[in-house]
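A.B. asks: I'm passing along model_13.cif; it holds mmCIF, C-alpha atoms.
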data_data
#
loop_
_atom_site.label_atom_id
_atom_site.label_comp_id
_atom_site.auth_asym_id
_atom_site.auth_seq_id
_atom_site.Cartn_x
_atom_site.Cartn_y
_atom_site.Cartn_z
CA MET A 1 104.85 166.06 54.42
CA LYS A 2 101.14 165.91 54.81
CA LEU A 3 100.83 163.51 51.89
CA GLU A 4 103.59 161.30 53.28
CA LYS A 5 101.86 161.15 56.65
CA LEU A 6 98.60 160.26 54.94
CA LEU A 7 100.27 157.47 53.00
CA LEU A 8 101.84 156.13 56.17
CA SER A 9 98.48 156.18 57.91
CA ALA A 10 96.90 154.30 55.04
CA ALA A 11 99.66 151.70 55.16
CA ALA A 12 99.14 151.29 58.90
CA LEU A 13 95.44 150.77 58.36
CA LEU A 14 96.16 148.08 55.79
CA VAL A 15 98.42 146.29 58.26
CA ILE A 16 95.73 146.44 60.94
CA ALA A 17 93.10 145.23 58.52
CA ALA A 18 95.31 142.33 57.48
CA ALA A 19 95.90 141.42 61.14
CA VAL A 20 92.18 141.49 61.83
CA SER A 21 91.56 139.37 58.77
CA CYS A 22 94.18 136.84 59.83
CA HIS A 23 92.72 136.75 63.34
CA LYS A 24 89.26 136.24 61.92
CA ASN A 25 90.42 133.42 59.68
CA LYS A 26 92.17 131.73 62.59
CA THR A 27 89.05 132.01 64.71
CA ASP A 28 86.95 130.58 61.92
CA GLU A 29 89.43 127.73 61.62
CA ASP A 30 89.28 127.06 65.38
CA ASP A 31 85.48 127.06 65.25
CA SER A 32 85.57 124.40 62.55
CA THR A 33 87.47 121.84 64.67
CA GLU A 34 85.67 118.61 65.43
CA SER A 35 84.84 117.34 68.90
CA PHE A 36 85.60 113.94 70.32
CA THR A 37 82.77 111.74 71.48
CA GLY A 38 82.95 110.95 75.20
CA SER A 39 85.41 112.24 77.75
CA VAL A 40 88.81 111.30 79.16
CA SER A 41 88.21 108.83 81.97
CA PHE A 42 90.62 106.76 84.05
CA THR A 43 90.96 105.69 87.69
CA LEU A 44 93.40 106.60 90.46
CA PRO A 45 93.09 105.83 94.20
CA SER A 46 93.24 108.78 96.59
CA TYR A 47 96.25 107.30 98.39
CA ILE A 48 98.94 105.13 96.81
CA SER A 49 102.14 103.58 98.13
CA PRO A 50 105.67 103.14 96.76
CA GLY A 51 106.11 100.06 94.59
CA GLU A 52 102.47 99.85 93.50
CA VAL A 53 101.88 99.59 89.76
CA HIS A 54 98.92 101.45 88.24
CA THR A 55 97.87 101.33 84.59
CA PHE A 56 96.15 104.44 83.26
CA HIS A 57 93.87 103.58 80.35
CA ILE A 58 91.53 105.73 78.28
CA ASP A 59 88.59 103.82 76.82
CA SER A 60 85.77 106.35 76.74
CA VAL A 61 86.83 108.58 73.82
CA SER A 62 86.15 108.10 70.12
CA ARG A 63 85.93 109.93 66.79
CA GLU A 64 82.82 109.93 64.62
CA ASP A 65 84.93 109.02 61.58
CA GLY A 66 86.40 106.03 63.41
CA GLY A 67 89.92 107.44 63.37
CA THR A 68 92.51 107.16 66.12
CA TYR A 69 93.89 109.78 68.46
CA GLY A 70 97.01 110.51 70.45
CA CYS A 71 97.48 110.21 74.21
CA ILE A 72 99.71 112.26 76.50
CA TRP A 73 100.19 111.54 80.22
CA THR A 74 101.69 114.02 82.64
CA ILE A 75 102.28 113.63 86.37
CA GLU A 76 102.82 116.91 88.15
CA ALA A 77 105.29 116.99 91.06
CA LEU A 78 107.21 114.09 89.47
CA ASP A 79 108.06 115.89 86.18
CA ILE A 80 106.71 113.03 84.07
CA LYS A 81 105.40 113.64 80.56
CA ASP A 82 104.94 110.76 78.12
CA THR A 83 103.21 110.58 74.74
CA THR A 84 102.02 106.98 74.69
CA ARG A 85 100.25 107.15 71.34
CA VAL A 86 100.23 109.45 68.33
CA GLU A 87 97.39 109.82 65.86
CA ALA A 88 99.26 107.84 63.19
CA ASP A 89 99.49 104.76 65.44
CA PRO A 90 97.02 101.93 64.80
CA SER A 91 94.20 101.39 67.26
CA SER A 92 96.05 98.34 68.57
CA VAL A 93 98.40 100.77 70.34
CA SER A 94 96.49 101.27 73.59
CA GLY A 95 98.03 104.52 74.73
CA ASP A 96 98.14 103.13 78.28
CA TYR A 97 100.65 104.51 80.77
CA ILE A 98 102.08 102.08 83.31
CA PHE A 99 103.04 103.96 86.47
CA THR A 100 105.23 102.42 89.15
CA VAL A 101 104.82 104.55 92.27
CA PRO A 102 108.22 105.94 93.34
CA ASP A 103 109.49 106.37 96.89
CA THR A 104 108.65 110.07 96.79
CA LEU A 105 106.09 111.00 99.42
CA CYS A 106 104.03 113.87 98.03
CA ALA A 107 100.77 114.87 96.40
CA ILE A 108 100.60 114.26 92.65
CA THR A 109 98.22 115.12 89.83
CA VAL A 110 97.88 112.76 86.87
CA LYS A 111 96.58 114.31 83.66
CA GLY A 112 95.44 112.32 80.65
CA THR A 113 95.12 114.23 77.36
CA VAL A 114 93.65 113.15 74.01
CA PHE A 115 94.53 114.98 70.78
CA ALA A 116 94.16 114.67 67.01
CA GLU A 117 94.59 117.03 64.06
CA GLY A 118 91.41 119.00 63.47
CA TYR A 119 89.97 118.06 66.87
CA THR A 120 89.62 120.04 70.07
CA THR A 121 92.00 118.62 72.67
CA ILE A 122 90.35 117.19 75.80
CA SER A 123 91.83 116.11 79.13
CA THR A 124 91.05 115.06 82.68
CA SER A 125 93.16 115.36 85.88
CA LEU A 126 93.02 113.24 89.03
CA SER A 127 94.93 113.82 92.26
CA SER A 128 96.46 111.35 94.70
CA THR A 129 98.94 111.28 97.58
CA ILE A 130 101.90 108.92 97.84
CA VAL A 131 102.10 107.55 101.39
CA SER A 132 104.25 105.05 103.27
CA ALA A 133 103.74 103.16 106.53
CA ASP A 134 107.48 102.75 107.14
CA LYS A 135 108.05 103.53 110.84
CA GLU A 136 111.40 105.31 110.29
CA LYS A 137 111.14 107.12 106.95
CA GLY A 138 107.46 106.85 106.07
CA SER A 139 104.69 109.43 105.91
CA ILE A 140 104.59 109.97 109.68
CA THR A 141 107.79 111.46 111.04
CA GLY A 142 108.62 113.11 114.35
CA ARG A 143 108.06 110.20 116.73
CA SER A 144 111.06 108.61 118.42
CA PHE A 145 111.07 104.92 119.28
CA ASP A 146 113.53 103.65 121.89
CA THR A 147 114.09 99.95 122.49
CA GLU A 148 115.07 100.66 126.08
CA LYS A 149 111.84 102.53 126.86
CA ASP A 150 109.54 100.94 124.30
CA PHE A 151 108.85 97.50 122.88
CA VAL A 152 107.20 96.02 119.80
CA PHE A 153 104.07 93.89 120.01
CA THR A 154 103.03 91.65 117.11
CA ASP A 155 99.31 91.02 116.71
CA SER A 156 98.99 87.30 115.93
CA ARG A 157 95.69 87.89 114.13
CA ASP A 158 97.24 89.64 111.13
CA GLY A 159 100.95 89.95 111.88
CA LYS A 160 100.89 93.74 112.25
CA GLN A 161 103.39 95.25 114.66
CA TYR A 162 102.83 98.11 117.11
CA TRP A 163 105.23 100.13 119.19
CA CYS A 164 104.19 100.11 122.84
CA THR A 165 105.44 101.74 126.04
CA THR A 166 104.92 101.53 129.79
CA ILE A 167 103.11 104.42 131.53
CA GLY A 168 102.86 103.94 135.28
CA ASP A 169 102.01 100.30 135.87
CA ARG A 170 100.34 99.70 132.50
CA ASP A 171 101.55 98.96 128.99
CA TRP A 172 99.96 101.11 126.25
CA PHE A 173 99.97 101.01 122.47
CA ARG A 174 101.86 104.02 121.11
CA GLU A 175 100.04 103.62 117.79
CA ASN A 176 96.39 103.38 116.82
CA LEU A 177 95.01 99.88 116.34
CA ALA A 178 94.49 98.80 112.71
CA CYS A 179 93.59 95.13 112.87
CA GLU A 180 92.83 93.60 109.49
CA GLY A 181 89.11 93.03 108.98
CA THR A 182 88.03 95.30 111.83
CA GLY A 183 87.09 98.98 111.94
CA TYR A 184 87.25 101.39 109.03
CA PRO A 185 90.30 102.94 107.32
CA TYR A 186 90.33 106.67 106.67
CA ASP A 187 88.58 107.46 103.37
CA GLY A 188 88.36 103.71 102.73
CA SER A 189 92.08 103.59 101.93
CA SER A 190 93.96 100.51 103.12
CA ASN A 191 97.20 102.40 102.41
CA LEU A 192 96.42 104.66 105.38
CA SER A 193 95.59 101.82 107.80
CA GLN A 194 99.00 101.34 109.39
CA ILE A 195 99.71 105.10 109.18
CA LEU A 196 96.62 106.53 110.88
CA GLY A 197 95.12 103.34 112.30
CA HIS A 198 91.51 102.26 111.88
CA TYR A 199 88.42 104.03 113.18
CA TYR A 200 85.99 101.99 115.29
CA SER A 201 82.48 102.30 116.60
CA TRP A 202 82.28 101.83 120.38
CA ASN A 203 80.63 98.42 120.07
CA GLU A 204 83.42 97.28 117.74
CA ALA A 205 86.11 98.80 119.95
CA LEU A 206 85.01 96.73 122.94
CA VAL A 207 86.18 93.53 121.23
CA SER A 208 88.93 94.91 118.99
CA CYS A 209 92.09 94.54 121.09
CA PRO A 210 94.26 91.42 120.75
CA GLU A 211 94.36 88.67 123.35
CA GLY A 212 95.99 89.84 126.57
CA TRP A 213 95.06 93.47 125.89
CA ARG A 214 91.86 95.43 126.51
CA LEU A 215 90.07 98.63 125.59
CA PRO A 216 91.08 101.04 128.40
CA ASP A 217 88.34 101.81 130.91
CA THR A 218 87.97 104.98 132.99
CA GLU A 219 90.35 103.63 135.63
CA ASP A 220 93.04 102.94 133.01
CA TRP A 221 92.76 106.47 131.65
CA SER A 222 92.84 108.07 135.12
CA ALA A 223 95.91 105.98 135.99
CA LEU A 224 97.63 107.24 132.84
CA ALA A 225 96.87 110.85 133.78
CA ALA A 226 98.10 110.31 137.33
CA ALA A 227 101.35 108.76 136.11
CA VAL A 228 101.99 111.67 133.74
CA THR A 229 100.87 114.61 135.91
CA GLY A 230 101.04 113.32 139.49
CA LYS A 231 97.41 114.36 139.99
CA ASP A 232 94.26 112.32 140.64
CA PHE A 233 91.32 112.67 138.28
CA GLY A 234 87.80 111.27 138.22
CA ALA A 235 86.30 109.12 135.49
CA THR A 236 84.86 112.02 133.49
CA ASP A 237 87.14 114.85 134.67
CA SER A 238 89.21 116.80 132.18
CA PHE A 239 92.86 115.91 132.61
CA SER A 240 94.38 119.37 133.02
CA ASP A 241 97.69 120.45 131.50
CA ILE A 242 98.44 117.06 129.96
CA ALA A 243 97.78 117.49 126.22
CA GLY A 244 101.30 118.48 125.22
CA LYS A 245 102.69 115.54 127.19
CA MET A 246 100.44 113.18 125.22
CA MET A 247 100.81 114.72 121.75
CA ALA A 248 103.55 113.75 119.33
CA ASN A 249 104.95 116.62 117.26
CA VAL A 250 104.51 114.69 114.05
CA TYR A 251 104.56 115.50 110.34
CA PHE A 252 102.62 113.86 107.53
CA ASN A 253 104.62 113.88 104.28
CA GLY A 254 106.54 116.85 105.67
CA ASN A 255 103.48 118.83 106.80
CA ARG A 256 102.99 119.47 110.50
CA MET A 257 99.89 117.72 111.85
CA TRP A 258 99.35 119.46 115.21
CA GLU A 259 99.27 123.16 114.34
CA TYR A 260 101.55 125.27 116.53
CA TRP A 261 99.88 127.02 119.48
CA PRO A 262 102.10 128.83 122.06
CA LYS A 263 100.20 127.54 125.09
CA VAL A 264 100.40 123.89 123.98
CA ASN A 265 103.97 122.76 124.57
CA ILE A 266 104.26 119.45 122.73
CA THR A 267 106.83 117.19 124.36
CA ASP A 268 105.25 113.71 124.21
CA SER A 269 106.98 113.09 127.54
CA SER A 270 104.38 110.41 128.34
CA ARG A 271 105.35 108.56 125.10
CA PHE A 272 101.62 108.13 124.37
CA SER A 273 102.29 109.81 120.99
CA ALA A 274 98.80 110.99 120.04
CA ILE A 275 98.40 112.14 116.44
CA PRO A 276 95.39 114.16 115.21
CA THR A 277 93.61 111.59 113.05
CA GLY A 278 90.17 113.09 113.72
CA TYR A 279 86.99 111.00 113.93
CA GLY A 280 84.21 109.47 111.82
CA PHE A 281 80.44 109.69 111.83
CA GLY A 282 77.56 108.06 109.97
CA ASP A 283 76.47 104.43 109.91
CA ALA A 284 77.59 101.10 108.52
CA GLU A 285 74.75 100.92 105.98
CA ASP A 286 75.16 104.35 104.34
CA GLY A 287 78.85 104.74 105.08
CA TYR A 288 80.98 106.96 107.28
CA SER A 289 82.45 110.41 106.75
CA PHE A 290 85.57 111.72 108.44
CA ALA A 291 86.32 115.07 110.06
CA GLY A 292 88.68 116.74 112.52
CA TYR A 293 91.86 115.60 110.78
CA CYS A 294 94.85 117.57 112.12
CA GLU A 295 92.64 118.97 114.89
CA TYR A 296 91.38 116.13 117.08
CA ALA A 297 92.72 112.88 118.49
CA ALA A 298 89.81 110.81 119.82
CA PHE A 299 90.09 107.49 121.70
CA TRP A 300 87.38 105.17 122.97
CA VAL A 301 86.87 104.42 126.67
CA ASN A 302 85.32 101.20 127.92
CA GLY A 303 82.65 103.09 129.80
CA THR A 304 79.27 104.76 129.35
CA TYR A 305 77.45 107.87 130.46
CA GLY A 306 73.71 107.26 130.31
CA ASP A 307 73.01 105.62 126.95
CA LYS A 308 76.12 107.16 125.36
CA ALA A 309 79.66 105.83 125.10
CA LEU A 310 82.62 107.63 126.65
CA TYR A 311 85.70 108.71 124.76
CA ARG A 312 88.79 110.79 125.49
CA TYR A 313 89.98 113.49 123.12
CA LEU A 314 92.67 116.09 122.57
CA TYR A 315 92.14 119.30 120.58
CA VAL A 316 94.85 121.16 118.75
CA ASP A 317 94.80 124.40 120.79
CA LYS A 318 93.76 123.07 124.22
CA THR A 319 96.05 121.95 127.04
CA ASP A 320 93.61 119.43 128.56
CA CYS A 321 92.51 115.92 127.70
CA PHE A 322 88.71 116.00 127.67
CA ALA A 323 85.99 113.42 128.25
CA GLY A 324 83.22 113.26 125.66
CA THR A 325 80.16 111.16 124.90
CA ALA A 326 78.96 109.83 121.57
CA ASP A 327 76.60 107.40 119.91
CA LYS A 328 77.81 103.83 120.27
CA ASP A 329 77.49 103.04 116.56
CA GLY A 330 77.24 106.40 114.82
CA PHE A 331 80.61 107.77 115.93
CA LEU A 332 84.06 106.41 115.06
CA ALA A 333 87.19 106.96 117.16
CA SER A 334 90.68 105.49 117.42
CA VAL A 335 91.61 102.60 119.72
CA ARG A 336 94.65 102.37 121.99
CA CYS A 337 94.95 99.01 123.72
CA VAL A 338 96.24 98.63 127.30
CA ARG A 339 97.26 95.85 129.67
CA ASP A 340 98.69 95.54 133.16
CA SER A 341 102.43 95.86 132.66
CA THR A 342 104.38 92.63 132.18
CA ARG A 343 107.75 94.38 132.09
#
In structure tokens, how does this file's structure come out?

C.D. replies:
Amino acid sequence: MKLEKLLLSAAALLVIAAAVSCHKNKTDEDDSTESFTGSVSFTLPSYISPGEVHTFHIDSVSREDGGTYGCIWTIEALDIKDTTRVEADPSSVSGDYIFTVPDTLCAITVKGTVFAEGYTTISTSLSSTIVSADKEKGSITGRSFDTEKDFVFTDSRDGKQYWCTTIGDRDWFRENLACEGTGYPYDGSSNLSQILGHYYSWNEALVSCPEGWRLPDTEDWSALAAAVTGKDFGATDSFSDIAGKMMANVYFNGNRMWEYWPKVNITDSSRFSAIPTGYGFGDAEDGYSFAGYCEYAAFWVNGTYGDKALYRYLYVDKTDCFAGTADKDGFLASVRCVRDSTR
């Protein structure tokens, strides 16, 4: 018995030794793989829209021996995986992937991978979000438009249409202005223009509204608050207990924009339909950054306080509409146009 156990132990040791040897050989083999020159590089905008066609092309990878390589493209969230070139294909086969953006509003990740026998695989991933400006089934959902209470205004400057409503004795835009060639789109993306509107400096906002409309002054804003609450407010007073009546309980690609807070009862009973697009800051020369998305809705006022410009803003967990001041060129806010009612 003792001898048998000893023989079994020896056999086990041989198996272990063989496994270690195999593992070592495999590691040595892995260490001997070649490396591609360059890296996987392609372009993808941060926001894309259904129907757009994008071509993903890899042109920054090569082999020292001049050989070809294979390309694989995957798009997470859409379950797409396509080998567009194998190593045996001639170099005339580009390996490009032509992507037609589907009508699926979601975040995606595109991954480009390069492979070849004896080479270490390399890849790069880029993310984007599919968005739509469709008023009924686009990225923004949760607002209700009623042809009896609301009306559509077409801006003759660029043909864009805006839902509007009457509050008290004034007509107001229910959407943020996004006139072509004026202001700044969020993150520089034109695909977000008609969804979130443009962001304007105060000096730009003064002349941004279409003919027959104006940037609301302090009197216009106080009249709105009085019509909604039945209370009188001064030019720079906080409009108390009005936020929920001005906010729209909206969703962006299925995600709630105004976070739920028990004390803020969102009804949008005023039909102003504020969405939390945030604000911008910086300057025209060096560029603007954006912040406060899903927290703030900020709107310019045609008025000043000292050398600063006035604006009105809502915050996600507050029940009031506040008055704020900001630099006339270094701060960007949304624009809602107003006119004396013609209805």

A.B. asks: Output the residue selection produced by the PyMOL selection byres ((chain A and resi 340) around 6) on the file above, formatted as a tab-separated table (two decimals) with C-alpha atoms, keeping the file's coordinate frame.

C.D. replies:
chain	number	residue	atom	x	y	z
A	170	ARG	CA	100.34	99.70	132.50
A	339	ARG	CA	97.26	95.85	129.67
A	341	SER	CA	102.43	95.86	132.66

A.B. asks: Between atom CA of Gly212 of chain A and atom CA of Ala326 of chain A, measure the distance and give it in Å to one decimal.

C.D. replies: 26.7 Å

A.B. asks: Could you check which of A:Cys209, A:Met257, A:Val86, A:Ile108 is closest to Val338 of chain A, using all atoms listed in the file?

C.D. replies: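 For Val338 of chain A, the nearest of the candidates is A:Cys209.
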
A.B. asks: How many Å lie between atom CA of Asp59 of chain A and atom CA of Lys81 of chain A, rounded to one decimal?

C.D. replies: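 So the answer is 19.8 Å.
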
A.B. asks: Take the PyMOL selection byres ((chain A and resi 72) around 10), run it mentally on this structure, and tell me the resulting residues as a list in words.

C.D. replies: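 Selected by the PyMOL selection byres ((chain A and resi 72) around 10) in this file: Gly70, Cys71, Trp73, Thr74, Lys81, Asp82, Thr83, Thr84, Arg85, Val86, Gly95, Asp96, Tyr97, Lys111, Gly112, Thr113, Val114, Phe115 and Ser123 of chain A.
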
A.B. asks: May I have a table of the residues of segment 90-178 of chain A lying at most 10 Å from segment 270-293 of chain A, giving each one's closest pair of atoms and their distance in Å to one decimal, counting all atoms listed in the file, ordered by chain and ascending residue number, as a Markdown table?

C.D. replies:
| residue | atom | partner | partner_atom | distance |
| --- | --- | --- | --- | --- |
| A:Ile140 | CA | A:Ile275 | CA | 9.4 |
| A:Gly142 | CA | A:Ser273 | CA | 9.7 |
| A:Arg143 | CA | A:Ser273 | CA | 7.2 |
| A:Ser144 | CA | A:Arg271 | CA | 8.8 |
| A:Phe145 | CA | A:Arg271 | CA | 8.9 |
| A:Lys149 | CA | A:Arg271 | CA | 9.0 |
| A:Asp150 | CA | A:Arg271 | CA | 8.7 |
| A:Cys164 | CA | A:Phe272 | CA | 8.6 |
| A:Thr165 | CA | A:Arg271 | CA | 6.9 |
| A:Thr166 | CA | A:Arg271 | CA | 8.5 |
| A:Ile167 | CA | A:Ser270 | CA | 6.9 |
| A:Gly168 | CA | A:Ser270 | CA | 9.6 |
| A:Trp172 | CA | A:Phe272 | CA | 7.5 |
| A:Phe173 | CA | A:Phe272 | CA | 7.6 |
| A:Arg174 | CA | A:Phe272 | CA | 5.3 |
| A:Glu175 | CA | A:Ser273 | CA | 7.3 |
| A:Asn176 | CA | A:Ala274 | CA | 8.6 |

A.B. asks: What is the distance, in Å and to one decimal place, between atom CA of Gly244 of chain A and atom CA of Val301 of chain A?

C.D. replies: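 Rounded to one decimal, the two atoms are 20.2 Å apart.
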
A.B. asks: Starting from the PyMOL selection byres ((chain A and resi 130-134) around 8), expand the selection into actual residues of this file and give them as a ChimeraX atom specification.

C.D. replies: /A:47-50,101,104-108,128-129,135-140,191-192,194-195,253

A.B. asks: When you count all atoms listed in the file, which of these residues is closest to Ala243 of chain A: A:Cys321, A:Ile98, A:Leu177, A:Val207?

C.D. replies: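 Closest candidate: A:Cys321.
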
A.B. asks: So, counting all atoms listed in the file, which residue among A:Val316, A:Cys294, A:Ala248, A:Ala178 is closest to Thr141 of chain A?

C.D. replies: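 Smallest distance to Thr141 of chain A is found for A:Ala248.
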
A.B. asks: A:Asp329, A:Asp307, A:Asp79, A:Glu52: which is nearest Leu206 of chain A, counting all atoms listed in the file?

C.D. replies: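 Checking each candidate against Leu206 of chain A, we get A:Asp329 as the closest.
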
A.B. asks: For Tyr260 of chain A, list every protein, DNA or RNA residue within 12 Å, evaluated using only C-alpha atoms, and leave out those in the same chain fewer than 2 positions away; present the list as a list in words.

C.D. replies: Gly244, Met247, Asn249, Val250, Tyr251, Asn255, Arg256, Met257, Trp258, Pro262, Lys263, Val264, Asn265, Ile266, Cys294, Glu295, Tyr315, Val316, Asp317 and Lys318 of chain A

A.B. asks: I need the residues from that last selection saved to file as a CSV table (one decimal), in the coordinates of the input (with C-alpha atoms), if you can.

C.D. replies:
chain,number,residue,atom,x,y,z
A,244,GLY,CA,101.3,118.5,125.2
A,247,MET,CA,100.8,114.7,121.8
A,249,ASN,CA,105.0,116.6,117.3
A,250,VAL,CA,104.5,114.7,114.0
A,251,TYR,CA,104.6,115.5,110.3
A,255,ASN,CA,103.5,118.8,106.8
A,256,ARG,CA,103.0,119.5,110.5
A,257,MET,CA,99.9,117.7,111.8
A,258,TRP,CA,99.4,119.5,115.2
A,262,PRO,CA,102.1,128.8,122.1
A,263,LYS,CA,100.2,127.5,125.1
A,264,VAL,CA,100.4,123.9,124.0
A,265,ASN,CA,104.0,122.8,124.6
A,266,ILE,CA,104.3,119.4,122.7
A,294,CYS,CA,94.8,117.6,112.1
A,295,GLU,CA,92.6,119.0,114.9
A,315,TYR,CA,92.1,119.3,120.6
A,316,VAL,CA,94.8,121.2,118.8
A,317,ASP,CA,94.8,124.4,120.8
A,318,LYS,CA,93.8,123.1,124.2

A.B. asks: Just checking: using only C-alpha atoms, which residue out of A:Pro102, A:Pro45, A:Gly67, A:Gly159 ends up closest to Asp89 of chain A?

C.D. replies: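 That would be A:Gly67, the residue with the smallest distance to Asp89 of chain A.
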